[in-house]
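A.B. asks: Provided herewith is a single structure, encoded as structure tokens, for subsequent inquiry.
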Amino acid sequence: MKGHRRALLDGMLFLIMIMLFVPVVHAAGSPPLRFGFYTRSCPAAESIVRRTVRRAVSHNPGIGAGLIRLHFHDCFVRGCDGSVLLKSLPGGPKAERDHPANNPGLRGFNIISKAKRRIECICPNTVSCADILAFAARDSSQILGRINYPIPAGRRDGNISSFNEVTQNLPSPRLSADQLIQNFARKGLSADEMVTLSGAHSIGRARCSSFSDRLYNFNGTQAQDPTLDRNYAASLRATCPVNGGSDPTVAMDPATPNRLDNRYYAELRAGRGLLTTDQTLAESPATRGYVDVNARSYSVAWAAKFGRAMVKMGSIDVLTGNQGEIRRRCSLVN
């Protein structure tokens, strides 16, 4: 009976997704992204990505969180063009993936490369790395949160990856709510969509260095962050000692660390947001209402919002048509 009820909810979720999807954004004068883009040219593309991701996540759930984050980091720098996947070349300028915001924290590069190799065997020079990354983020959402949404495709791969552009575009983990709103607005995303996408922090891990200023002052004494639950702060200090030397990782969501769900917002309301950018959402008048709505929402309703926001994010400044290229290897331009 429970299985039947879950299947029914999943079906309802899918229908809600279809009915409420946002229009897909694309550059003026270029072809739009399309659902079923590879139906004729490479019909097995999405299933290959799905199998590759499922196999990886079954061995390590953290990979799913990594793939969602990888897609976000890609889209916020130069648009969703796979530029985050490019490696720095010897003697050349550093690429995005070598920036401290991405290295060593970003994961999932090898999963994208593995899916690409399998696709190239049957559909050479057809499916872009940018599309594979978008599919992989969607599949991770489905595996870890039963959030399944159709992905429009047709992205082309960029051939530029700039280290310096990461600093200019990616939000720092220490921004205020107002700064986050401005950062996401520059990418065409609303405050509500920003709070919704932040729900991806219900999975994954963060290094102690990204939030240690909430635990300790510059002189090593304990910081008194009034927005941080005391018991939660004590548990974080146990994992992140002031003079630990190493930089351990901590689960982003202490309640359901391996499930993508809206429990994240309840944790924020209880003072258990890990990063400054998490907790500020519940403290700021500009975003508190969105946190409250998401915390009270049925999981299927929040899942629909998350899917729509992911589709919109995945359409930021995309290259289509004859723009860019279809890389043969995701880490190198042709």
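Residue names in the structure tokens use chain letters A, B, ... in the order shown, residue numbers from 1 in each chain, and ligand numbers from 1 in the order shown.
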Please, which residues of segment 18-263 of chain A, numbered as in this document, come out strand (DSSP E) from DSSP, as a PyMOL selection string?

C.D. replies: chain A and resi 205-207+249-251

A.B. asks: Enumerate, in order of chain and increasing residue number, the residues of segment 278-301 of chain A with an atom no farther than 8 Å from segment 181-199 of chain A, each with its shortest atom pair and distance in Å to one decimal, counting only C-alpha atoms, as a Markdown table.

C.D. replies:
| residue | atom | partner | partner_atom | distance |
| --- | --- | --- | --- | --- |
| A:Asp278 | CA | A:Ser198 | CA | 7.4 |
| A:Leu281 | CA | A:Val195 | CA | 7.2 |
| A:Thr287 | CA | A:Ala191 | CA | 7.1 |
| A:Tyr290 | CA | A:Asp192 | CA | 6.1 |
| A:Val291 | CA | A:Val195 | CA | 7.0 |
| A:Asn294 | CA | A:Thr196 | CA | 7.7 |

A.B. asks: Which residues come within 10 Å of segment 83-96 of chain A, counting only C-alpha atoms, excluding same-chain residues fewer than 3 positions away, as an NGL selection string?

C.D. replies: :A and (70-80 or 99-103 or 106 or 108-110 or 112-113 or 129-130 or 133 or 157-167 or 329-333)

A.B. asks: Using only C-alpha atoms, which residues sit within 9 Å of segment 260-268 of chain A once same-chain residues fewer than 5 positions away are excluded, as a PDB file with all heavy atoms, in the first residue's frame?

C.D. replies:
ATOM      1  N   ALA A  65      25.007  14.935  -4.711  1.00  0.00           N
ATOM      2  CA  ALA A  65      25.088  16.331  -4.278  1.00  0.00           C
ATOM      3  C   ALA A  65      26.158  17.066  -5.069  1.00  0.00           C
ATOM      4  O   ALA A  65      25.980  18.228  -5.457  1.00  0.00           O
ATOM      5  CB  ALA A  65      25.402  16.387  -2.783  1.00  0.00           C
ATOM      6  N   SER A 141      18.873  14.583  -8.530  1.00  0.00           N
ATOM      7  CA  SER A 141      17.697  15.055  -7.794  1.00  0.00           C
ATOM      8  C   SER A 141      16.651  13.951  -7.684  1.00  0.00           C
ATOM      9  O   SER A 141      16.001  13.791  -6.644  1.00  0.00           O
ATOM     10  CB  SER A 141      17.086  16.271  -8.506  1.00  0.00           C
ATOM     11  OG  SER A 141      18.011  17.328  -8.597  1.00  0.00           O
ATOM     12  N   GLN A 142      16.507  13.181  -8.752  1.00  0.00           N
ATOM     13  CA  GLN A 142      15.531  12.098  -8.739  1.00  0.00           C
ATOM     14  C   GLN A 142      15.953  10.986  -7.787  1.00  0.00           C
ATOM     15  O   GLN A 142      15.145  10.457  -7.018  1.00  0.00           O
ATOM     16  CB  GLN A 142      15.349  11.557 -10.163  1.00  0.00           C
ATOM     17  CG  GLN A 142      14.106  10.703 -10.366  1.00  0.00           C
ATOM     18  CD  GLN A 142      14.270   9.278  -9.871  1.00  0.00           C
ATOM     19  OE1 GLN A 142      15.368   8.718  -9.945  1.00  0.00           O
ATOM     20  NE2 GLN A 142      13.203   8.691  -9.350  1.00  0.00           N
ATOM     21  N   ILE A 143      17.224  10.642  -7.811  1.00  0.00           N
ATOM     22  CA  ILE A 143      17.720   9.540  -6.980  1.00  0.00           C
ATOM     23  C   ILE A 143      17.694   9.909  -5.495  1.00  0.00           C
ATOM     24  O   ILE A 143      17.290   9.106  -4.655  1.00  0.00           O
ATOM     25  CB  ILE A 143      19.150   9.160  -7.412  1.00  0.00           C
ATOM     26  CG1 ILE A 143      19.142   8.601  -8.846  1.00  0.00           C
ATOM     27  CG2 ILE A 143      19.755   8.135  -6.458  1.00  0.00           C
ATOM     28  CD1 ILE A 143      20.520   8.506  -9.462  1.00  0.00           C
ATOM     29  N   LEU A 144      18.093  11.121  -5.171  1.00  0.00           N
ATOM     30  CA  LEU A 144      18.227  11.520  -3.770  1.00  0.00           C
ATOM     31  C   LEU A 144      16.970  12.165  -3.197  1.00  0.00           C
ATOM     32  O   LEU A 144      16.829  12.247  -1.974  1.00  0.00           O
ATOM     33  CB  LEU A 144      19.407  12.480  -3.607  1.00  0.00           C
ATOM     34  CG  LEU A 144      20.787  11.892  -3.929  1.00  0.00           C
ATOM     35  CD1 LEU A 144      21.863  12.966  -3.830  1.00  0.00           C
ATOM     36  CD2 LEU A 144      21.117  10.729  -2.994  1.00  0.00           C
ATOM     37  N   GLY A 145      16.057  12.622  -4.061  1.00  0.00           N
ATOM     38  CA  GLY A 145      14.865  13.286  -3.547  1.00  0.00           C
ATOM     39  C   GLY A 145      13.582  12.927  -4.265  1.00  0.00           C
ATOM     40  O   GLY A 145      12.539  13.524  -3.987  1.00  0.00           O
ATOM     41  N   ARG A 146      13.645  11.955  -5.208  1.00  0.00           N
ATOM     42  CA  ARG A 146      12.476  11.584  -6.000  1.00  0.00           C
ATOM     43  C   ARG A 146      11.883  12.806  -6.700  1.00  0.00           C
ATOM     44  O   ARG A 146      10.668  12.933  -6.864  1.00  0.00           O
ATOM     45  CB  ARG A 146      11.426  10.869  -5.153  1.00  0.00           C
ATOM     46  CG  ARG A 146      11.947   9.627  -4.444  1.00  0.00           C
ATOM     47  CD  ARG A 146      10.862   8.870  -3.711  1.00  0.00           C
ATOM     48  NE  ARG A 146      10.002   8.167  -4.640  1.00  0.00           N
ATOM     49  CZ  ARG A 146      10.238   6.943  -5.116  1.00  0.00           C
ATOM     50  NH1 ARG A 146      11.324   6.293  -4.753  1.00  0.00           N
ATOM     51  NH2 ARG A 146       9.398   6.371  -5.961  1.00  0.00           N
ATOM     52  N   ILE A 147      12.768  13.727  -7.097  1.00  0.00           N
ATOM     53  CA  ILE A 147      12.365  14.935  -7.814  1.00  0.00           C
ATOM     54  C   ILE A 147      12.735  14.727  -9.278  1.00  0.00           C
ATOM     55  O   ILE A 147      13.898  14.829  -9.657  1.00  0.00           O
ATOM     56  CB  ILE A 147      13.071  16.185  -7.255  1.00  0.00           C
ATOM     57  CG1 ILE A 147      12.777  16.336  -5.754  1.00  0.00           C
ATOM     58  CG2 ILE A 147      12.628  17.427  -8.007  1.00  0.00           C
ATOM     59  CD1 ILE A 147      13.532  17.464  -5.085  1.00  0.00           C
ATOM     60  N   SER A 198      18.464  27.018  -2.928  1.00  0.00           N
ATOM     61  CA  SER A 198      19.299  26.806  -1.743  1.00  0.00           C
ATOM     62  C   SER A 198      18.931  25.517  -1.033  1.00  0.00           C
ATOM     63  O   SER A 198      19.722  24.979  -0.256  1.00  0.00           O
ATOM     64  CB  SER A 198      19.161  27.993  -0.772  1.00  0.00           C
ATOM     65  OG  SER A 198      19.662  29.178  -1.345  1.00  0.00           O
ATOM     66  N   GLY A 199      17.735  25.001  -1.309  1.00  0.00           N
ATOM     67  CA  GLY A 199      17.324  23.725  -0.738  1.00  0.00           C
ATOM     68  C   GLY A 199      18.227  22.577  -1.140  1.00  0.00           C
ATOM     69  O   GLY A 199      18.201  21.509  -0.519  1.00  0.00           O
ATOM     70  N   ALA A 200      19.030  22.757  -2.185  1.00  0.00           N
ATOM     71  CA  ALA A 200      20.017  21.739  -2.566  1.00  0.00           C
ATOM     72  C   ALA A 200      21.034  21.521  -1.455  1.00  0.00           C
ATOM     73  O   ALA A 200      21.740  20.506  -1.444  1.00  0.00           O
ATOM     74  CB  ALA A 200      20.724  22.135  -3.865  1.00  0.00           C
ATOM     75  N   HIS A 201      21.110  22.456  -0.500  1.00  0.00           N
ATOM     76  CA  HIS A 201      22.004  22.293   0.636  1.00  0.00           C
ATOM     77  C   HIS A 201      21.456  21.308   1.665  1.00  0.00           C
ATOM     78  O   HIS A 201      22.036  21.144   2.738  1.00  0.00           O
ATOM     79  CB  HIS A 201      22.271  23.644   1.305  1.00  0.00           C
ATOM     80  CG  HIS A 201      23.218  24.514   0.530  1.00  0.00           C
ATOM     81  ND1 HIS A 201      23.640  25.746   0.965  1.00  0.00           N
ATOM     82  CD2 HIS A 201      23.831  24.316  -0.662  1.00  0.00           C
ATOM     83  CE1 HIS A 201      24.471  26.269   0.078  1.00  0.00           C
ATOM     84  NE2 HIS A 201      24.592  25.415  -0.930  1.00  0.00           N
ATOM     85  N   SER A 202      20.337  20.666   1.338  1.00  0.00           N
ATOM     86  CA  SER A 202      19.866  19.596   2.220  1.00  0.00           C
ATOM     87  C   SER A 202      20.676  18.323   1.998  1.00  0.00           C
ATOM     88  O   SER A 202      20.495  17.337   2.720  1.00  0.00           O
ATOM     89  CB  SER A 202      18.372  19.315   1.984  1.00  0.00           C
ATOM     90  OG  SER A 202      18.161  18.734   0.707  1.00  0.00           O
ATOM     91  N   ILE A 203      21.559  18.322   1.010  1.00  0.00           N
ATOM     92  CA  ILE A 203      22.466  17.200   0.774  1.00  0.00           C
ATOM     93  C   ILE A 203      23.875  17.752   0.586  1.00  0.00           C
ATOM     94  O   ILE A 203      24.056  18.944   0.355  1.00  0.00           O
ATOM     95  CB  ILE A 203      22.063  16.376  -0.468  1.00  0.00           C
ATOM     96  CG1 ILE A 203      21.877  17.285  -1.683  1.00  0.00           C
ATOM     97  CG2 ILE A 203      20.804  15.564  -0.195  1.00  0.00           C
ATOM     98  CD1 ILE A 203      21.566  16.560  -2.970  1.00  0.00           C
ATOM     99  N   MET A 252      25.831  19.173   5.279  1.00  0.00           N
ATOM    100  CA  MET A 252      25.145  20.457   5.169  1.00  0.00           C
ATOM    101  C   MET A 252      23.840  20.472   5.960  1.00  0.00           C
ATOM    102  O   MET A 252      23.463  21.491   6.538  1.00  0.00           O
ATOM    103  CB  MET A 252      24.833  20.747   3.697  1.00  0.00           C
ATOM    104  CG  MET A 252      26.044  20.862   2.800  1.00  0.00           C
ATOM    105  SD  MET A 252      26.910  22.420   2.997  1.00  0.00           S
ATOM    106  CE  MET A 252      25.814  23.556   2.195  1.00  0.00           C
ATOM    107  N   ASP A 253      23.137  19.346   5.979  1.00  0.00           N
ATOM    108  CA  ASP A 253      21.855  19.237   6.666  1.00  0.00           C
ATOM    109  C   ASP A 253      21.980  18.154   7.734  1.00  0.00           C
ATOM    110  O   ASP A 253      22.101  16.975   7.409  1.00  0.00           O
ATOM    111  CB  ASP A 253      20.764  18.879   5.669  1.00  0.00           C
ATOM    112  CG  ASP A 253      19.375  18.793   6.289  1.00  0.00           C
ATOM    113  OD1 ASP A 253      19.273  18.748   7.524  1.00  0.00           O
ATOM    114  OD2 ASP A 253      18.385  18.763   5.529  1.00  0.00           O
ATOM    115  N   PRO A 254      21.959  18.515   9.009  1.00  0.00           N
ATOM    116  CA  PRO A 254      22.144  17.510  10.059  1.00  0.00           C
ATOM    117  C   PRO A 254      20.975  16.542  10.201  1.00  0.00           C
ATOM    118  O   PRO A 254      21.117  15.469  10.778  1.00  0.00           O
ATOM    119  CB  PRO A 254      22.310  18.351  11.324  1.00  0.00           C
ATOM    120  CG  PRO A 254      21.592  19.634  11.031  1.00  0.00           C
ATOM    121  CD  PRO A 254      21.783  19.866   9.566  1.00  0.00           C
ATOM    122  N   ALA A 255      19.816  16.902   9.648  1.00  0.00           N
ATOM    123  CA  ALA A 255      18.619  16.067   9.829  1.00  0.00           C
ATOM    124  C   ALA A 255      18.532  14.953   8.797  1.00  0.00           C
ATOM    125  O   ALA A 255      18.388  13.771   9.146  1.00  0.00           O
ATOM    126  CB  ALA A 255      17.360  16.941   9.779  1.00  0.00           C
ATOM    127  N   GLY A 273      21.280  26.236  10.276  1.00  0.00           N
ATOM    128  CA  GLY A 273      21.827  26.431   8.940  1.00  0.00           C
ATOM    129  C   GLY A 273      23.345  26.453   9.039  1.00  0.00           C
ATOM    130  O   GLY A 273      23.909  27.150   9.883  1.00  0.00           O
ATOM    131  N   LEU A 274      24.021  25.708   8.190  1.00  0.00           N
ATOM    132  CA  LEU A 274      25.475  25.554   8.336  1.00  0.00           C
ATOM    133  C   LEU A 274      26.238  26.797   7.893  1.00  0.00           C
ATOM    134  O   LEU A 274      27.057  27.329   8.646  1.00  0.00           O
ATOM    135  CB  LEU A 274      25.955  24.341   7.538  1.00  0.00           C
ATOM    136  CG  LEU A 274      27.436  23.988   7.695  1.00  0.00           C
ATOM    137  CD1 LEU A 274      27.762  23.610   9.136  1.00  0.00           C
ATOM    138  CD2 LEU A 274      27.816  22.847   6.745  1.00  0.00           C
ATOM    139  N   ASP A 278      23.158  30.163   4.337  1.00  0.00           N
ATOM    140  CA  ASP A 278      21.979  29.373   4.685  1.00  0.00           C
ATOM    141  C   ASP A 278      21.162  30.095   5.757  1.00  0.00           C
ATOM    142  O   ASP A 278      19.982  30.391   5.562  1.00  0.00           O
ATOM    143  CB  ASP A 278      22.389  27.996   5.211  1.00  0.00           C
ATOM    144  CG  ASP A 278      23.007  27.110   4.153  1.00  0.00           C
ATOM    145  OD1 ASP A 278      22.494  27.101   3.016  1.00  0.00           O
ATOM    146  OD2 ASP A 278      23.999  26.436   4.450  1.00  0.00           O
ATOM    147  N   GLN A 279      21.796  30.380   6.879  1.00  0.00           N
ATOM    148  CA  GLN A 279      21.064  30.921   8.020  1.00  0.00           C
ATOM    149  C   GLN A 279      20.491  32.305   7.759  1.00  0.00           C
ATOM    150  O   GLN A 279      19.429  32.658   8.271  1.00  0.00           O
ATOM    151  CB  GLN A 279      21.970  30.952   9.263  1.00  0.00           C
ATOM    152  CG  GLN A 279      21.195  31.132  10.567  1.00  0.00           C
ATOM    153  CD  GLN A 279      20.148  30.039  10.768  1.00  0.00           C
ATOM    154  OE1 GLN A 279      20.438  28.864  10.636  1.00  0.00           O
ATOM    155  NE2 GLN A 279      18.917  30.439  11.074  1.00  0.00           N
ATOM    156  N   THR A 280      21.182  33.093   6.924  1.00  0.00           N
ATOM    157  CA  THR A 280      20.679  34.440   6.646  1.00  0.00           C
ATOM    158  C   THR A 280      19.322  34.414   5.959  1.00  0.00           C
ATOM    159  O   THR A 280      18.534  35.360   6.070  1.00  0.00           O
ATOM    160  CB  THR A 280      21.689  35.225   5.774  1.00  0.00           C
ATOM    161  OG1 THR A 280      21.281  36.594   5.690  1.00  0.00           O
ATOM    162  CG2 THR A 280      21.780  34.659   4.360  1.00  0.00           C
ATOM    163  N   LEU A 281      19.004  33.315   5.280  1.00  0.00           N
ATOM    164  CA  LEU A 281      17.703  33.212   4.604  1.00  0.00           C
ATOM    165  C   LEU A 281      16.559  33.220   5.599  1.00  0.00           C
ATOM    166  O   LEU A 281      15.478  33.748   5.319  1.00  0.00           O
ATOM    167  CB  LEU A 281      17.642  31.937   3.754  1.00  0.00           C
ATOM    168  CG  LEU A 281      18.706  31.775   2.672  1.00  0.00           C
ATOM    169  CD1 LEU A 281      18.503  30.456   1.935  1.00  0.00           C
ATOM    170  CD2 LEU A 281      18.679  32.944   1.701  1.00  0.00           C
ATOM    171  N   ALA A 282      16.789  32.630   6.775  1.00  0.00           N
ATOM    172  CA  ALA A 282      15.747  32.582   7.799  1.00  0.00           C
ATOM    173  C   ALA A 282      15.733  33.833   8.666  1.00  0.00           C
ATOM    174  O   ALA A 282      14.731  34.101   9.345  1.00  0.00           O
ATOM    175  CB  ALA A 282      15.935  31.350   8.683  1.00  0.00           C
ATOM    176  N   GLU A 283      16.817  34.585   8.648  1.00  0.00           N
ATOM    177  CA  GLU A 283      16.918  35.766   9.512  1.00  0.00           C
ATOM    178  C   GLU A 283      16.490  37.045   8.805  1.00  0.00           C
ATOM    179  O   GLU A 283      15.976  37.960   9.438  1.00  0.00           O
ATOM    180  CB  GLU A 283      18.366  35.927  10.009  1.00  0.00           C
ATOM    181  CG  GLU A 283      18.955  34.695  10.679  1.00  0.00           C
ATOM    182  CD  GLU A 283      18.198  34.287  11.932  1.00  0.00           C
ATOM    183  OE1 GLU A 283      17.655  35.169  12.621  1.00  0.00           O
ATOM    184  OE2 GLU A 283      18.143  33.079  12.223  1.00  0.00           O
ATOM    185  N   VAL A 291      11.318  31.069   3.224  1.00  0.00           N
ATOM    186  CA  VAL A 291      11.751  29.938   4.047  1.00  0.00           C
ATOM    187  C   VAL A 291      10.558  29.325   4.762  1.00  0.00           C
ATOM    188  O   VAL A 291      10.389  28.093   4.780  1.00  0.00           O
ATOM    189  CB  VAL A 291      12.820  30.386   5.067  1.00  0.00           C
ATOM    190  CG1 VAL A 291      13.102  29.275   6.091  1.00  0.00           C
ATOM    191  CG2 VAL A 291      14.106  30.776   4.359  1.00  0.00           C
ATOM    192  N   ASP A 292       9.707  30.172   5.329  1.00  0.00           N
ATOM    193  CA  ASP A 292       8.540  29.679   6.063  1.00  0.00           C
ATOM    194  C   ASP A 292       7.591  28.906   5.145  1.00  0.00           C
ATOM    195  O   ASP A 292       7.086  27.834   5.510  1.00  0.00           O
ATOM    196  CB  ASP A 292       7.792  30.849   6.706  1.00  0.00           C
ATOM    197  CG  ASP A 292       8.575  31.488   7.848  1.00  0.00           C
ATOM    198  OD1 ASP A 292       9.511  30.835   8.360  1.00  0.00           O
ATOM    199  OD2 ASP A 292       8.261  32.637   8.208  1.00  0.00           O
ATOM    200  N   VAL A 293       7.351  29.435   3.949  1.00  0.00           N
ATOM    201  CA  VAL A 293       6.453  28.760   3.000  1.00  0.00           C
ATOM    202  C   VAL A 293       7.027  27.404   2.606  1.00  0.00           C
ATOM    203  O   VAL A 293       6.316  26.388   2.583  1.00  0.00           O
ATOM    204  CB  VAL A 293       6.235  29.634   1.752  1.00  0.00           C
ATOM    205  CG1 VAL A 293       5.561  28.831   0.640  1.00  0.00           C
ATOM    206  CG2 VAL A 293       5.389  30.856   2.097  1.00  0.00           C
ATOM    207  N   ASN A 294       8.326  27.357   2.309  1.00  0.00           N
ATOM    208  CA  ASN A 294       8.942  26.086   1.901  1.00  0.00           C
ATOM    209  C   ASN A 294       8.973  25.079   3.041  1.00  0.00           C
ATOM    210  O   ASN A 294       8.826  23.872   2.820  1.00  0.00           O
ATOM    211  CB  ASN A 294      10.359  26.333   1.396  1.00  0.00           C
ATOM    212  CG  ASN A 294      10.385  27.022   0.039  1.00  0.00           C
ATOM    213  OD1 ASN A 294       9.430  26.945  -0.715  1.00  0.00           O
ATOM    214  ND2 ASN A 294      11.474  27.701  -0.262  1.00  0.00           N
ATOM    215  N   ALA A 295       9.143  25.568   4.265  1.00  0.00           N
ATOM    216  CA  ALA A 295       9.161  24.668   5.419  1.00  0.00           C
ATOM    217  C   ALA A 295       7.797  24.048   5.657  1.00  0.00           C
ATOM    218  O   ALA A 295       7.689  22.885   6.073  1.00  0.00           O
ATOM    219  CB  ALA A 295       9.626  25.422   6.668  1.00  0.00           C
ATOM    220  N   ARG A 296       6.725  24.799   5.374  1.00  0.00           N
ATOM    221  CA  ARG A 296       5.368  24.316   5.616  1.00  0.00           C
ATOM    222  C   ARG A 296       4.790  23.545   4.436  1.00  0.00           C
ATOM    223  O   ARG A 296       3.771  22.871   4.569  1.00  0.00           O
ATOM    224  CB  ARG A 296       4.440  25.494   5.936  1.00  0.00           C
ATOM    225  CG  ARG A 296       4.736  26.207   7.244  1.00  0.00           C
ATOM    226  CD  ARG A 296       3.573  27.108   7.619  1.00  0.00           C
ATOM    227  NE  ARG A 296       3.306  28.110   6.587  1.00  0.00           N
ATOM    228  CZ  ARG A 296       3.783  29.341   6.606  1.00  0.00           C
ATOM    229  NH1 ARG A 296       4.568  29.733   7.600  1.00  0.00           N
ATOM    230  NH2 ARG A 296       3.479  30.202   5.644  1.00  0.00           N
ATOM    231  N   SER A 297       5.430  23.638   3.270  1.00  0.00           N
ATOM    232  CA  SER A 297       4.887  23.037   2.060  1.00  0.00           C
ATOM    233  C   SER A 297       4.905  21.516   2.123  1.00  0.00           C
ATOM    234  O   SER A 297       5.776  20.919   2.776  1.00  0.00           O
ATOM    235  CB  SER A 297       5.684  23.493   0.832  1.00  0.00           C
ATOM    236  OG  SER A 297       5.524  24.859   0.591  1.00  0.00           O
ATOM    237  N   TYR A 298       3.951  20.892   1.451  1.00  0.00           N
ATOM    238  CA  TYR A 298       4.047  19.457   1.223  1.00  0.00           C
ATOM    239  C   TYR A 298       5.296  19.201   0.390  1.00  0.00           C
ATOM    240  O   TYR A 298       5.675  20.014  -0.464  1.00  0.00           O
ATOM    241  CB  TYR A 298       2.807  18.939   0.493  1.00  0.00           C
ATOM    242  CG  TYR A 298       1.556  18.922   1.335  1.00  0.00           C
ATOM    243  CD1 TYR A 298       0.513  19.796   1.073  1.00  0.00           C
ATOM    244  CD2 TYR A 298       1.437  18.028   2.391  1.00  0.00           C
ATOM    245  CE1 TYR A 298      -0.641  19.777   1.858  1.00  0.00           C
ATOM    246  CE2 TYR A 298       0.285  18.003   3.177  1.00  0.00           C
ATOM    247  CZ  TYR A 298      -0.741  18.882   2.901  1.00  0.00           C
ATOM    248  OH  TYR A 298      -1.866  18.863   3.684  1.00  0.00           O
ATOM    249  N   SER A 299       5.932  18.085   0.610  1.00  0.00           N
ATOM    250  CA  SER A 299       7.180  17.802  -0.091  1.00  0.00           C
ATOM    251  C   SER A 299       7.004  17.815  -1.601  1.00  0.00           C
ATOM    252  O   SER A 299       7.882  18.264  -2.344  1.00  0.00           O
ATOM    253  CB  SER A 299       7.746  16.452   0.360  1.00  0.00           C
ATOM    254  OG  SER A 299       6.817  15.406   0.119  1.00  0.00           O
ATOM    255  N   TRP A 302       7.036  21.485  -2.839  1.00  0.00           N
ATOM    256  CA  TRP A 302       8.384  22.057  -2.885  1.00  0.00           C
ATOM    257  C   TRP A 302       9.203  21.417  -3.997  1.00  0.00           C
ATOM    258  O   TRP A 302       9.971  22.090  -4.691  1.00  0.00           O
ATOM    259  CB  TRP A 302       9.113  21.861  -1.542  1.00  0.00           C
ATOM    260  CG  TRP A 302      10.518  22.367  -1.641  1.00  0.00           C
ATOM    261  CD1 TRP A 302      10.934  23.663  -1.593  1.00  0.00           C
ATOM    262  CD2 TRP A 302      11.692  21.574  -1.872  1.00  0.00           C
ATOM    263  NE1 TRP A 302      12.294  23.724  -1.782  1.00  0.00           N
ATOM    264  CE2 TRP A 302      12.779  22.472  -1.946  1.00  0.00           C
ATOM    265  CE3 TRP A 302      11.915  20.200  -2.016  1.00  0.00           C
ATOM    266  CZ2 TRP A 302      14.087  22.029  -2.156  1.00  0.00           C
ATOM    267  CZ3 TRP A 302      13.212  19.766  -2.229  1.00  0.00           C
ATOM    268  CH2 TRP A 302      14.284  20.664  -2.288  1.00  0.00           C
ATOM    269  N   ALA A 303       9.042  20.116  -4.199  1.00  0.00           N
ATOM    270  CA  ALA A 303       9.768  19.423  -5.261  1.00  0.00           C
ATOM    271  C   ALA A 303       9.442  20.030  -6.619  1.00  0.00           C
ATOM    272  O   ALA A 303      10.328  20.198  -7.474  1.00  0.00           O
ATOM    273  CB  ALA A 303       9.439  17.932  -5.249  1.00  0.00           C
TER     274      ALA A 303
END

A.B. asks: Any chance you could list, as number ranges by chain, the residues in segment 168-302 of chain A that come up alpha helix (DSSP H) when DSSP is run on the backbone?

C.D. replies: A: 168-169, 177-185, 191-197, 230-239, 263-269, 276-283, 288-296, 299-302
